[in-house]
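A.B. asks: input-v5.cif (mmCIF, C-alpha atoms) pasted underneath:
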```
data_upload
loop_
_atom_site.label_atom_id
_atom_site.label_comp_id
_atom_site.auth_asym_id
_atom_site.auth_seq_id
_atom_site.Cartn_x
_atom_site.Cartn_y
_atom_site.Cartn_z
CA MET A 754 9.76 -0.99 -0.62
CA ALA A 755 6.87 -1.95 1.67
CA LEU A 756 4.34 -0.98 -0.98
CA PHE A 757 2.44 -3.95 -2.47
CA SER A 758 4.24 -6.50 -0.25
CA GLY A 759 0.90 -7.96 0.91
CA LEU A 760 -0.62 -8.00 -2.57
CA SER A 761 2.56 -9.45 -4.05
CA GLU A 762 2.56 -12.34 -1.57
CA LYS A 763 -1.10 -13.14 -2.25
CA LEU A 764 -0.74 -13.07 -6.02
CA ASN A 765 2.34 -15.27 -5.89
CA HIS A 766 0.46 -17.71 -3.65
CA ILE A 767 -2.41 -17.84 -6.16
CA PHE A 768 -0.05 -18.50 -9.08
CA SER A 769 1.96 -21.07 -7.13
CA LYS A 770 -1.21 -23.16 -6.84
CA LEU A 771 -1.67 -23.00 -10.61
CA THR A 772 1.86 -24.30 -11.22
CA LYS A 773 0.85 -27.62 -9.64
CA HIS A 774 -1.35 -28.30 -12.65
CA GLY A 775 -0.24 -29.28 -16.12
CA ARG A 776 -2.86 -27.94 -18.48
CA LEU A 777 -5.38 -25.49 -17.00
CA THR A 778 -9.13 -25.81 -17.29
CA GLU A 779 -11.44 -22.83 -17.67
CA LEU A 780 -12.79 -23.52 -14.16
CA GLU A 781 -9.29 -23.39 -12.64
CA ILE A 782 -8.59 -20.06 -14.31
CA LYS A 783 -11.90 -18.60 -13.15
CA THR A 784 -11.22 -19.79 -9.60
CA ALA A 785 -7.81 -18.13 -9.68
CA MET A 786 -9.34 -14.90 -11.03
CA ARG A 787 -11.84 -14.84 -8.14
CA GLU A 788 -8.90 -15.03 -5.74
CA VAL A 789 -7.09 -12.27 -7.65
CA ARG A 790 -10.22 -10.13 -7.33
CA ILE A 791 -10.30 -10.62 -3.54
CA ALA A 792 -6.56 -9.88 -3.26
CA LEU A 793 -6.96 -6.60 -5.17
CA LEU A 794 -9.94 -5.51 -3.09
CA GLU A 795 -8.08 -6.30 0.13
CA ALA A 796 -5.19 -4.17 -1.18
CA ASP A 797 -7.68 -1.26 -1.35
CA VAL A 798 -7.94 -1.07 -5.14
CA ASN A 799 -11.03 0.79 -6.35
CA ILE A 800 -13.88 -1.72 -6.86
CA SER A 801 -14.75 -0.55 -10.39
CA VAL A 802 -11.08 -0.77 -11.35
CA VAL A 803 -10.92 -4.32 -9.94
CA LYS A 804 -13.99 -5.43 -11.90
CA GLU A 805 -12.62 -4.13 -15.19
CA PHE A 806 -9.13 -5.52 -14.54
CA VAL A 807 -10.35 -9.03 -13.66
CA SER A 808 -12.74 -8.99 -16.61
CA LYS A 809 -9.95 -8.18 -19.07
CA VAL A 810 -7.57 -10.78 -17.61
CA SER A 811 -10.28 -13.47 -17.53
CA GLU A 812 -11.30 -12.79 -21.11
CA ARG A 813 -7.72 -13.22 -22.31
CA ALA A 814 -6.83 -16.08 -19.96
CA VAL A 815 -9.64 -18.42 -20.99
CA GLY A 816 -8.72 -18.14 -24.65
CA GLN A 817 -7.77 -21.29 -26.54
CA GLU A 818 -4.09 -20.28 -26.80
CA ILE A 819 -3.88 -20.36 -22.99
CA LEU A 820 -5.84 -23.53 -22.39
CA LYS A 821 -3.76 -25.40 -24.99
CA SER A 822 -0.45 -23.90 -23.95
CA LEU A 823 2.35 -26.14 -22.67
CA SER A 824 3.05 -23.56 -19.92
CA PRO A 825 -0.37 -22.05 -19.17
CA THR A 826 0.58 -20.67 -15.74
CA GLN A 827 3.37 -18.57 -17.24
CA GLN A 828 0.94 -17.36 -19.88
CA VAL A 829 -1.61 -16.32 -17.22
CA ILE A 830 1.10 -14.49 -15.26
CA LYS A 831 2.19 -12.77 -18.48
CA ILE A 832 -1.38 -11.58 -19.08
CA VAL A 833 -1.74 -10.32 -15.50
CA ASN A 834 1.58 -8.50 -15.87
CA GLU A 835 0.53 -6.84 -19.14
CA GLU A 836 -2.84 -5.76 -17.72
CA LEU A 837 -1.19 -4.34 -14.57
CA ILE A 838 1.12 -2.30 -16.79
CA ALA A 839 -1.84 -1.03 -18.84
CA LEU A 840 -3.73 -0.21 -15.63
CA MET A 841 -0.90 1.98 -14.33
CA GLY A 842 -0.28 3.81 -17.59
CA SER A 843 1.79 1.58 -19.92
CA THR A 844 4.83 3.87 -20.19
CA ASN A 845 6.87 6.33 -18.16
CA ASN A 846 5.70 9.91 -18.73
CA LYS A 847 8.50 12.45 -18.71
CA LEU A 848 8.10 16.04 -17.60
CA ALA A 849 7.08 18.53 -20.27
CA VAL A 850 9.69 21.11 -21.26
CA ALA A 851 8.62 24.62 -22.29
CA SER A 852 9.71 25.78 -25.75
CA THR A 853 11.00 28.98 -24.14
CA PRO A 854 12.65 28.79 -20.69
CA PRO A 855 11.83 28.64 -17.91
CA THR A 856 9.71 25.50 -17.69
CA ILE A 857 7.18 26.17 -14.93
CA ILE A 858 6.08 23.31 -12.70
CA MET A 859 3.26 23.99 -10.27
CA MET A 860 2.98 21.62 -7.31
CA ALA A 861 -0.41 21.10 -5.66
CA GLY A 862 -1.79 18.85 -2.93
CA LEU A 863 -3.32 18.64 0.50
CA GLN A 864 -1.43 19.56 3.66
CA GLY A 865 0.51 16.61 5.04
CA ALA A 866 1.08 14.87 1.70
CA GLY A 867 4.78 15.82 1.73
CA LYS A 868 4.49 18.49 -0.97
CA THR A 869 7.18 20.90 0.26
CA THR A 870 9.74 18.13 0.76
CA LEU A 871 8.79 16.80 -2.67
CA VAL A 872 9.62 20.20 -4.20
CA GLY A 873 13.16 19.80 -2.86
CA LYS A 874 13.38 16.21 -4.11
CA LEU A 875 12.24 17.23 -7.58
CA GLY A 876 14.72 20.12 -7.56
CA LEU A 877 17.57 17.71 -6.77
CA HIS A 878 16.33 15.26 -9.43
CA LEU A 879 16.37 17.99 -12.07
CA LYS A 880 19.80 19.25 -10.96
CA LYS A 881 21.20 15.76 -11.56
CA GLN A 882 19.88 16.07 -15.12
CA GLY A 883 21.82 19.29 -15.63
CA LYS A 884 18.89 21.65 -15.01
CA LYS A 885 19.01 24.88 -13.00
CA PRO A 886 15.78 24.92 -10.94
CA LEU A 887 14.40 27.76 -8.84
CA LEU A 888 12.09 26.86 -5.95
CA VAL A 889 9.34 29.41 -5.30
CA ALA A 890 7.67 29.60 -1.86
CA CYS A 891 3.95 30.24 -2.35
CA ASP A 892 2.71 28.34 0.70
CA VAL A 893 2.27 31.51 2.79
CA TYR A 894 -0.25 30.21 5.34
CA ARG A 895 1.23 27.13 6.98
CA PRO A 896 3.56 27.98 9.86
CA ALA A 897 7.22 27.48 8.98
CA ALA A 898 6.42 26.36 5.41
CA ILE A 899 8.78 28.94 3.91
CA ASN A 900 11.58 27.98 6.29
CA GLN A 901 10.98 24.31 5.50
CA LEU A 902 11.38 25.00 1.79
CA LYS A 903 14.59 26.96 2.51
CA VAL A 904 16.00 23.99 4.43
CA VAL A 905 15.18 21.39 1.75
CA GLY A 906 16.31 23.81 -0.95
CA GLU A 907 19.68 24.25 0.71
CA LYS A 908 20.10 20.47 1.09
CA ALA A 909 19.22 20.00 -2.57
CA GLY A 910 21.56 22.80 -3.62
CA CYS A 911 18.68 24.81 -5.12
CA THR A 912 17.96 28.54 -4.88
CA VAL A 913 14.71 29.43 -3.08
CA PHE A 914 12.71 32.53 -4.03
CA GLU A 915 10.45 33.86 -1.26
CA LYS A 916 8.70 37.11 -0.35
CA GLY A 917 7.40 36.17 3.07
CA GLN A 918 3.69 35.83 3.76
CA GLY A 919 2.46 38.00 0.91
CA ASN A 920 0.06 37.38 -1.98
CA PRO A 921 0.87 33.90 -3.39
CA VAL A 922 -0.31 34.79 -6.90
CA LYS A 923 1.97 37.82 -6.98
CA ILE A 924 4.88 35.84 -5.49
CA ALA A 925 4.49 33.15 -8.17
CA LYS A 926 4.63 35.76 -10.95
CA GLU A 927 7.64 37.53 -9.39
CA GLY A 928 9.38 34.16 -8.99
CA VAL A 929 9.01 33.44 -12.70
CA ASN A 930 10.35 36.89 -13.61
CA TYR A 931 13.29 36.33 -11.25
CA ALA A 932 14.03 33.03 -12.98
CA LYS A 933 14.04 34.73 -16.39
CA SER A 934 16.37 37.47 -15.15
CA TYR A 935 18.91 35.14 -13.52
CA GLY A 936 19.03 32.26 -15.99
CA PHE A 937 17.02 29.55 -14.19
CA ASP A 938 15.62 27.10 -16.75
CA THR A 939 13.01 25.56 -14.42
CA VAL A 940 10.66 27.02 -11.81
CA ILE A 941 9.02 24.76 -9.21
CA ILE A 942 6.19 26.49 -7.34
CA ASP A 943 5.31 25.20 -3.88
CA THR A 944 1.64 26.14 -3.41
CA ALA A 945 -0.43 26.09 -0.23
CA GLY A 946 -2.32 23.03 0.94
CA ARG A 947 -5.25 22.47 3.26
CA LEU A 948 -6.27 19.64 5.54
CA GLN A 949 -9.17 19.14 3.15
CA ILE A 950 -10.29 20.50 -0.20
CA ASP A 951 -12.15 23.81 -0.01
CA GLU A 952 -13.28 26.50 -2.45
CA GLU A 953 -10.80 29.11 -1.22
CA LEU A 954 -7.84 26.81 -1.89
CA MET A 955 -9.04 25.88 -5.35
CA LYS A 956 -9.64 29.48 -6.39
CA GLU A 957 -6.13 30.47 -5.29
CA LEU A 958 -4.59 27.59 -7.25
CA GLU A 959 -6.65 28.50 -10.32
CA LYS A 960 -5.39 32.12 -10.09
CA ILE A 961 -1.76 30.98 -9.88
CA LYS A 962 -2.29 28.70 -12.86
CA ALA A 963 -3.83 31.53 -14.91
CA GLU A 964 -1.02 33.94 -13.95
CA VAL A 965 2.04 31.77 -14.70
CA ASN A 966 0.67 29.26 -17.26
CA PRO A 967 2.62 26.22 -16.00
CA ALA A 968 3.85 23.50 -18.38
CA GLU A 969 3.16 20.97 -15.63
CA ILE A 970 0.69 20.86 -12.75
CA LEU A 971 1.80 17.97 -10.57
CA LEU A 972 -0.52 16.75 -7.83
CA VAL A 973 1.28 15.34 -4.79
CA VAL A 974 -0.76 12.53 -3.23
CA ASP A 975 -0.18 10.65 0.03
CA SER A 976 -0.40 6.95 -0.94
CA MET A 977 -1.05 5.95 2.67
CA THR A 978 -4.53 7.52 2.60
CA GLY A 979 -5.89 4.77 0.35
CA GLN A 980 -9.04 5.49 -1.62
CA VAL A 981 -9.18 9.00 -0.13
CA ALA A 982 -6.09 9.72 -2.24
CA VAL A 983 -7.96 8.66 -5.38
CA GLU A 984 -10.90 10.94 -4.52
CA VAL A 985 -8.54 13.85 -3.82
CA ALA A 986 -6.76 13.31 -7.14
CA ASP A 987 -10.06 13.17 -9.01
CA THR A 988 -11.29 16.43 -7.42
CA PHE A 989 -8.06 18.36 -8.02
CA ASN A 990 -7.96 17.14 -11.60
CA LYS A 991 -11.49 18.33 -12.34
CA ARG A 992 -10.68 21.83 -11.10
CA LEU A 993 -7.06 22.26 -12.22
CA GLU A 994 -6.62 19.76 -15.06
CA VAL A 995 -3.45 18.35 -13.54
CA THR A 996 -0.85 16.96 -15.94
CA GLY A 997 0.55 14.27 -13.68
CA LEU A 998 0.59 12.67 -10.24
CA VAL A 999 3.39 12.21 -7.72
CA LEU A 1000 2.90 9.56 -5.03
CA THR A 1001 4.58 10.03 -1.66
CA LYS A 1002 5.22 7.68 1.28
CA LEU A 1003 5.48 4.56 -0.88
CA ASP A 1004 7.95 3.24 1.68
CA GLY A 1005 5.26 3.28 4.37
CA ASP A 1006 3.00 0.52 5.64
CA THR A 1007 0.32 0.85 2.99
CA ARG A 1008 -1.71 -1.61 0.97
CA GLY A 1009 -0.96 0.30 -2.22
CA GLY A 1010 -4.32 0.01 -3.95
CA ALA A 1011 -4.53 3.75 -4.48
CA THR A 1012 -1.55 3.52 -6.82
CA LEU A 1013 -3.27 0.92 -8.97
CA SER A 1014 -6.50 2.95 -9.02
CA MET A 1015 -5.07 6.42 -9.63
CA LYS A 1016 -4.46 6.35 -13.39
CA ALA A 1017 -7.71 4.53 -14.16
CA VAL A 1018 -9.87 6.96 -12.15
CA THR A 1019 -8.20 10.27 -13.10
CA GLY A 1020 -6.85 9.43 -16.54
CA LYS A 1021 -3.61 11.19 -15.52
CA PRO A 1022 -0.19 9.51 -15.49
CA ILE A 1023 1.84 8.87 -12.36
CA LYS A 1024 5.12 10.64 -13.12
CA PHE A 1025 7.12 10.15 -9.93
CA CYS A 1026 7.03 8.20 -6.69
CA SER A 1027 8.75 9.03 -3.42
CA VAL A 1028 10.17 5.91 -1.78
CA GLY A 1029 11.90 7.29 1.31
CA GLU A 1030 12.66 10.30 3.47
CA LYS A 1031 15.99 11.26 1.87
CA LEU A 1032 16.08 13.94 -0.82
CA GLY A 1033 17.42 11.39 -3.30
CA ASP A 1034 14.49 9.02 -2.72
CA LEU A 1035 12.48 10.17 -5.74
CA GLU A 1036 12.05 7.82 -8.69
CA PRO A 1037 10.42 8.28 -12.10
CA PHE A 1038 7.38 5.99 -12.19
CA TYR A 1039 7.67 3.09 -14.63
CA PRO A 1040 4.44 1.02 -14.80
CA ASP A 1041 6.25 -2.03 -16.21
CA ARG A 1042 8.85 -2.02 -13.42
CA MET A 1043 6.17 -1.60 -10.75
CA ALA A 1044 4.14 -4.46 -12.24
CA ASN A 1045 7.26 -6.65 -12.15
CA ARG A 1046 7.76 -5.83 -8.47
CA ILE A 1047 4.15 -6.69 -7.67
CA LEU A 1048 4.50 -10.10 -9.34
CA GLY A 1049 7.85 -10.84 -7.68
CA MET A 1050 9.82 -10.41 -10.90
CA GLY A 1051 12.01 -7.70 -9.40
CA ASP A 1052 13.05 -4.36 -10.87
CA VAL A 1053 16.57 -4.85 -12.15
CA LEU A 1054 16.56 -1.74 -14.37
CA SER A 1055 15.87 0.58 -11.42
CA LEU A 1056 18.50 -1.25 -9.40
CA ILE A 1057 21.06 -0.72 -12.16
CA GLU A 1058 20.20 2.99 -12.36
CA LYS A 1059 20.63 3.38 -8.59
CA ALA A 1060 23.94 1.52 -8.75
CA GLN A 1061 25.21 3.78 -11.54
CA GLU A 1062 24.44 6.83 -9.39
CA ALA A 1063 26.17 5.38 -6.31
CA VAL A 1064 29.21 3.68 -7.88
CA THR A 1065 31.61 4.74 -10.63
CA GLU A 1066 32.43 2.30 -13.43
CA GLU A 1067 36.01 2.04 -12.16
CA GLN A 1068 34.82 1.16 -8.64
CA ALA A 1069 32.41 -1.43 -10.03
CA LYS A 1070 35.15 -3.12 -12.10
CA LYS A 1071 37.48 -3.16 -9.12
CA MET A 1072 34.84 -4.80 -6.91
CA GLU A 1073 33.91 -7.28 -9.64
CA LYS A 1074 37.55 -8.34 -9.86
CA LYS A 1075 37.67 -8.86 -6.08
CA PHE A 1076 34.57 -11.09 -6.22
CA ARG A 1077 35.99 -13.05 -9.14
CA GLU A 1078 39.34 -13.59 -7.41
CA ASN A 1079 37.70 -14.19 -4.04
CA SER A 1080 39.78 -11.36 -2.49
CA PHE A 1081 36.80 -9.56 -0.92
CA THR A 1082 37.94 -8.03 2.41
CA LEU A 1083 36.17 -6.56 5.44
CA ASP A 1084 37.07 -3.08 4.17
CA ASP A 1085 35.31 -3.93 0.90
CA TYR A 1086 32.38 -5.26 2.93
CA LEU A 1087 32.05 -1.92 4.73
CA THR A 1088 32.30 -0.03 1.44
CA GLN A 1089 29.51 -2.20 0.00
CA PHE A 1090 27.24 -1.37 2.92
CA GLU A 1091 27.90 2.35 2.51
CA THR A 1092 27.12 2.02 -1.20
CA MET A 1093 23.89 0.13 -0.47
CA ASN A 1094 22.90 2.89 1.92
CA LYS A 1095 23.30 5.41 -0.94
CA MET A 1096 21.06 3.17 -3.06
CA GLY A 1097 18.23 3.28 -0.53
CA GLY A 1098 19.31 0.54 1.87
CA MET A 1099 19.36 -3.24 1.77
CA LYS A 1100 15.58 -3.61 2.08
CA ASN A 1101 15.01 -1.44 -0.98
CA ILE A 1102 17.64 -3.36 -2.96
CA LEU A 1103 16.18 -6.75 -2.01
CA SER A 1104 12.71 -5.61 -3.15
CA MET A 1105 14.16 -5.08 -6.64
CA LEU A 1106 15.78 -8.51 -6.95
CA PRO A 1107 13.73 -11.16 -8.82
CA GLY A 1108 12.25 -13.80 -6.53
CA MET A 1109 14.17 -12.61 -3.51
CA GLY A 1110 11.17 -12.72 -1.20
CA SER A 1111 10.31 -16.34 -1.90
CA LYS A 1112 13.77 -17.87 -2.39
CA PHE A 1113 15.61 -16.22 0.49
CA LYS A 1114 14.20 -15.53 3.93
CA VAL A 1115 16.06 -12.50 5.22
CA LYS A 1116 15.46 -11.46 8.82
CA GLU A 1117 14.60 -7.83 9.49
CA GLU A 1118 17.46 -7.46 11.97
CA ASP A 1119 19.96 -8.70 9.37
CA ILE A 1120 19.25 -5.70 7.10
CA ASP A 1121 18.86 -3.00 9.74
CA GLU A 1122 20.81 -0.04 8.37
CA LYS A 1123 21.09 1.43 11.89
CA LYS A 1124 23.59 -1.30 12.74
CA MET A 1125 25.98 -0.01 10.09
CA ILE A 1126 27.50 2.44 12.59
CA THR A 1127 28.30 -0.42 14.98
CA MET A 1128 29.69 -2.54 12.16
CA LYS A 1129 31.87 0.35 10.97
CA ALA A 1130 33.30 0.82 14.48
CA ILE A 1131 34.08 -2.90 14.74
CA ILE A 1132 35.84 -3.12 11.37
CA GLN A 1133 37.82 0.07 11.97
CA SER A 1134 39.03 -1.38 15.30
CA MET A 1135 40.74 -4.21 13.41
CA THR A 1136 44.27 -4.12 12.05
CA MET A 1137 44.79 -4.05 8.27
CA LYS A 1138 45.91 -7.69 8.35
CA GLU A 1139 42.76 -8.70 10.26
CA ARG A 1140 40.53 -6.90 7.74
CA GLU A 1141 42.27 -8.67 4.86
CA ASN A 1142 42.28 -12.06 6.55
CA PRO A 1143 39.51 -12.49 9.20
CA ASN A 1144 40.76 -16.03 9.90
CA LEU A 1145 43.48 -14.40 12.01
CA ILE A 1146 40.88 -13.13 14.48
CA ASN A 1147 41.01 -15.45 17.50
CA SER A 1148 39.43 -15.00 20.95
CA SER A 1149 41.98 -12.53 22.30
CA ARG A 1150 41.79 -10.44 19.14
CA LYS A 1151 37.98 -10.41 19.36
CA ASN A 1152 38.21 -9.10 22.93
CA ARG A 1153 40.57 -6.35 21.80
CA ILE A 1154 38.31 -5.40 18.86
CA ALA A 1155 35.22 -5.36 21.10
CA LYS A 1156 36.90 -3.04 23.63
CA GLY A 1157 38.27 -0.79 20.89
CA SER A 1158 34.86 -0.41 19.23
CA GLY A 1159 32.84 -0.14 22.44
CA THR A 1160 30.86 -3.27 21.54
CA SER A 1161 30.74 -6.89 22.65
CA VAL A 1162 32.42 -10.08 21.45
CA GLN A 1163 28.97 -11.29 20.36
CA GLU A 1164 28.60 -8.28 18.05
CA VAL A 1165 32.08 -8.87 16.64
CA ASN A 1166 31.10 -12.50 15.95
CA ARG A 1167 27.90 -11.32 14.25
CA VAL A 1168 29.81 -9.02 11.89
CA LEU A 1169 32.26 -11.79 11.00
CA LYS A 1170 29.41 -14.26 10.39
CA GLN A 1171 27.51 -11.81 8.18
CA PHE A 1172 30.71 -11.12 6.24
CA GLU A 1173 31.13 -14.84 5.49
CA GLN A 1174 27.46 -15.12 4.50
CA THR A 1175 27.87 -12.18 2.13
CA LYS A 1176 30.89 -13.83 0.49
CA MET A 1177 28.81 -17.00 0.02
CA MET A 1178 25.94 -15.03 -1.51
CA MET A 1179 28.28 -13.19 -3.88
CA LYS A 1180 29.74 -16.51 -4.97
CA GLN A 1181 26.23 -17.78 -5.77
CA MET A 1182 25.48 -14.63 -7.77
CA LYS A 1183 28.75 -14.99 -9.68
CA ASN A 1184 27.78 -18.54 -10.62
CA ASN A 1185 24.36 -17.28 -11.77
CA ARG A 1186 22.44 -19.79 -9.68
CA MET A 1187 20.76 -17.33 -7.43
CA PHE A 1188 17.66 -16.15 -9.25
CA ARG A 1189 15.32 -18.07 -11.46
CA PRO A 1190 12.04 -17.09 -13.16
CA PHE A 1191 8.67 -18.50 -12.19
#
```
Can you turn what I pasted into structure tokens?

C.D. replies:
Amino acid sequence: MALFSGLSEKLNHIFSKLTKHGRLTELEIKTAMREVRIALLEADVNISVVKEFVSKVSERAVGQEILKSLSPTQQVIKIVNEELIALMGSTNNKLAVASTPPTIIMMAGLQGAGKTTLVGKLGLHLKKQGKKPLLVACDVYRPAAINQLKVVGEKAGCTVFEKGQGNPVKIAKEGVNYAKSYGFDTVIIDTAGRLQIDEELMKELEKIKAEVNPAEILLVVDSMTGQVAVEVADTFNKRLEVTGLVLTKLDGDTRGGATLSMKAVTGKPIKFCSVGEKLGDLEPFYPDRMANRILGMGDVLSLIEKAQEAVTEEQAKKMEKKFRENSFTLDDYLTQFETMNKMGGMKNILSMLPGMGSKFKVKEEDIDEKKMITMKAIIQSMTMKERENPNLINSSRKNRIAKGSGTSVQEVNRVLKQFEQTKMMMKQMKNNRMFRPF
């Protein structure tokens, strides 16, 4: 995930300077906190939020238990981690469930935030949990909005209720009645957005809220808009009393400060974050996991959850045995890449591994998922014996494989080299030498 990469690097640089000292003086801690303050401001965190955050960390960090500690740097990092978690909401907030079905979830947000796509993502997320969601099209003004919801609904395997470009308040009510009649336990209402907040939009949303009495009002916010996103969230909350926030485009090139500011400014929890364009790229928001990512500690729990979705226990045991016996083949290598693609791609996986950014320099071109098609063609142009034992592949065989896959000998060599590097990395992981804490 690109989010927080700049902030993460700066914070790790600040803490790396502290590790050069034995005991820490109060002056050294205050100097480090000034640098933390600058890093947060440069990441576009709200200035009042930064002041309060640095004040709390400083107050705890200059205490006697820190100054006298045998590992003061780790203690300071622990404090920063705890305060980051508190800043973003402390715990994961689950969706409310109505005592009598259906549970009604009303989605709101400005045009361009990714709200309609998010409705499909949330529908798929709930389906995986055994729910039966109905998507209701109440964005009747934006061209092709209803068709867009139909497309994402079909991809997610969710039914879409629509009545064309009619009265959105009436459509919302009819959608809820339809859900009751046909056994849907959840209703997700896609409301209209605007390019900016206006009175007409707010009144319409207030009418829909009054008509259907939603258990959740989720505000979809574009994280790439920085502090504007915080202002939008604050305004919507004052008018609608939203129950939670959903952040989109967290995979984009953004400084991420809006995420750190959102909970503090609005008082509302971040419930989900969208980390990619695929319908499955929606994650529940865990403040502790996000704080760990920011401080380079990784997010192993999220990685495990993604792996459990992508790989069965039987497949995992089979692959573990191959690693242990060093019988990992090129076919297995291809399968691993396809699995990683299901988990969000190599870049997303690496962002969840502790210390990966600082201990291993991985080139962008080495983790380009677009090259998977070429790699697949190359491996499938090999014989079964060549896939099981790449040492058999000499010059003439490489020429044959290149011609058969429509690639070059250089690309064949690259795949073989990356395969050997992967085997080496897996061996390191097996021996548990790969990742270490601060």

A.B. asks: Wanna dump the segment 821-885 of chain A-segment 944-959 of chain A contacts at 10 Å for me, each residue with its shortest atom pair and the distance in Å to one decimal, counting only C-alpha atoms, ordered by chain and number, as a Markdown table?

C.D. replies:
```
| residue | atom | partner | partner_atom | distance |
| --- | --- | --- | --- | --- |
| A:Met859 | CA | A:Thr944 | CA | 7.4 |
| A:Met860 | CA | A:Thr944 | CA | 6.1 |
| A:Ala861 | CA | A:Thr944 | CA | 5.9 |
| A:Gly862 | CA | A:Gly946 | CA | 5.7 |
| A:Leu863 | CA | A:Gly946 | CA | 4.5 |
| A:Gln864 | CA | A:Gly946 | CA | 4.5 |
| A:Gly865 | CA | A:Leu948 | CA | 7.4 |
| A:Ala866 | CA | A:Gly946 | CA | 8.9 |
| A:Lys868 | CA | A:Gly946 | CA | 8.4 |
| A:Thr869 | CA | A:Thr944 | CA | 8.5 |
| A:Val872 | CA | A:Thr944 | CA | 10.0 |
```

A.B. asks: Kindly indicate which residue among A:Thr1160, A:Asn765, A:Thr870, A:Asn920 lies nearest to Gln827 of chain A, using all atoms listed in the file for the distances.

C.D. replies: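 Of A:Thr1160, A:Asn765, A:Thr870, A:Asn920, the one nearest Gln827 of chain A, counting all atoms listed in the file, is A:Asn765.
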
A.B. asks: Work out how far apart atom CA of Gly759 of chain A and atom CA of Ser1027 of chain A are and give it in Å to one decimal.

C.D. replies: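 Pair atom CA of Gly759 of chain A / atom CA of Ser1027 of chain A returns 19.2 Å.
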
A.B. asks: Just so the selection is clear, what residues does the PyMOL selection byres ((chain A and resi 1153) around 12) cover here, as a list in words?

C.D. replies: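 For this structure, the PyMOL selection byres ((chain A and resi 1153) around 12) captures Ile1131, Ile1132, Ser1134, Met1135, Thr1136, Glu1139, Ile1146, Asn1147, Ser1148, Ser1149, Arg1150, Lys1151, Asn1152, Ile1154, Ala1155, Lys1156, Gly1157, Ser1158, Gly1159, Thr1160, Ser1161, Val1162 and Val1165 of chain A.
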
A.B. asks: Which residues are close to segment 847-855 of chain A, i.e. within 7 Å by all atoms listed in the file, leaving aside same-chain residues fewer than 6 positions away? Reply as a list in words.

C.D. replies: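 My list of contacting residues is Ala932, Lys933, Phe937, Asp938, Thr939, Val940, Ala968, Glu969 and Lys1024 of chain A.
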
A.B. asks: Please produce a file of those selected residues containing C-alpha atoms, as a PDB file, in the frame of the given file.

C.D. replies:
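This went into result06.pdb:
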```pdb
ATOM      1  CA  ALA A 932      14.030  33.030 -12.980  1.00  0.00           C
ATOM      2  CA  LYS A 933      14.040  34.730 -16.390  1.00  0.00           C
ATOM      3  CA  PHE A 937      17.020  29.550 -14.190  1.00  0.00           C
ATOM      4  CA  ASP A 938      15.620  27.100 -16.750  1.00  0.00           C
ATOM      5  CA  THR A 939      13.010  25.560 -14.420  1.00  0.00           C
ATOM      6  CA  VAL A 940      10.660  27.020 -11.810  1.00  0.00           C
ATOM      7  CA  ALA A 968       3.850  23.500 -18.380  1.00  0.00           C
ATOM      8  CA  GLU A 969       3.160  20.970 -15.630  1.00  0.00           C
ATOM      9  CA  LYS A1024       5.120  10.640 -13.120  1.00  0.00           C
TER      10      LYS A1024
END
```

A.B. asks: Could you work out how far atom CA of Thr1082 of chain A lies from atom CA of Asn1144 of chain A, giving the answer in Å with one decimal?

C.D. replies: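 Calculated distance between atom CA of Asn1144 of chain A and atom CA of Thr1082 of chain A is 11.3 Å.
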
A.B. asks: Can you work out which one of A:Arg992, A:Lys923, A:Lys1031, A:Lys1176 has the shortest atom-to-atom distance to Val905 of chain A, counting only C-alpha atoms?

C.D. replies: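 Distance minimum relative to Val905 of chain A lands on A:Lys1031.
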
A.B. asks: Can you sort out the box for segment 1163-1168 of chain A, edges along x, y and z, all listed atoms in, 5 Å on every side, with centre and edge lengths in Å to one decimal, as JSON?

C.D. replies:
```
{"center_x": 30.0, "center_y": -10.4, "center_z": 16.1, "size_x": 14.2, "size_y": 14.2, "size_z": 18.5}
```

A.B. asks: With all atoms listed in the file as the basis for distance, which of A:Ala925, A:Cys1026, A:Ile800, A:Leu840 is at the shortest distance from His878 of chain A?

C.D. replies: A:Cys1026

A.B. asks: What is the atom CA of Leu1000 of chain A to atom CA of Ala909 of chain A distance in Å?

C.D. replies: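 A separation of 19.5 Å between them.
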
A.B. asks: With all atoms listed in the file as the counted atoms, please give the residues lying no more than 10 Å from Leu888 of chain A, apart from itself and same-chain residues fewer than 4 positions off, as a compact mmCIF listing (two decimals) with C-alpha atoms, in the frame of the given file.

C.D. replies:
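Written output follows (out_39.txt):
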```txt
# COMPACT_ATOMS: atom_id res chain seq x y z
CA ILE A 858 6.08 23.31 -12.70
CA THR A 869 7.18 20.90 0.26
CA VAL A 872 9.62 20.20 -4.20
CA GLY A 873 13.16 19.80 -2.86
CA LEU A 875 12.24 17.23 -7.58
CA GLY A 876 14.72 20.12 -7.56
CA LEU A 902 11.38 25.00 1.79
CA LYS A 903 14.59 26.96 2.51
CA VAL A 905 15.18 21.39 1.75
CA GLY A 906 16.31 23.81 -0.95
CA CYS A 911 18.68 24.81 -5.12
CA THR A 912 17.96 28.54 -4.88
CA VAL A 913 14.71 29.43 -3.08
CA PHE A 914 12.71 32.53 -4.03
CA GLU A 915 10.45 33.86 -1.26
CA GLY A 928 9.38 34.16 -8.99
CA VAL A 929 9.01 33.44 -12.70
CA ALA A 932 14.03 33.03 -12.98
CA PHE A 937 17.02 29.55 -14.19
CA THR A 939 13.01 25.56 -14.42
CA VAL A 940 10.66 27.02 -11.81
CA ILE A 941 9.02 24.76 -9.21
CA ILE A 942 6.19 26.49 -7.34
CA ASP A 943 5.31 25.20 -3.88
```
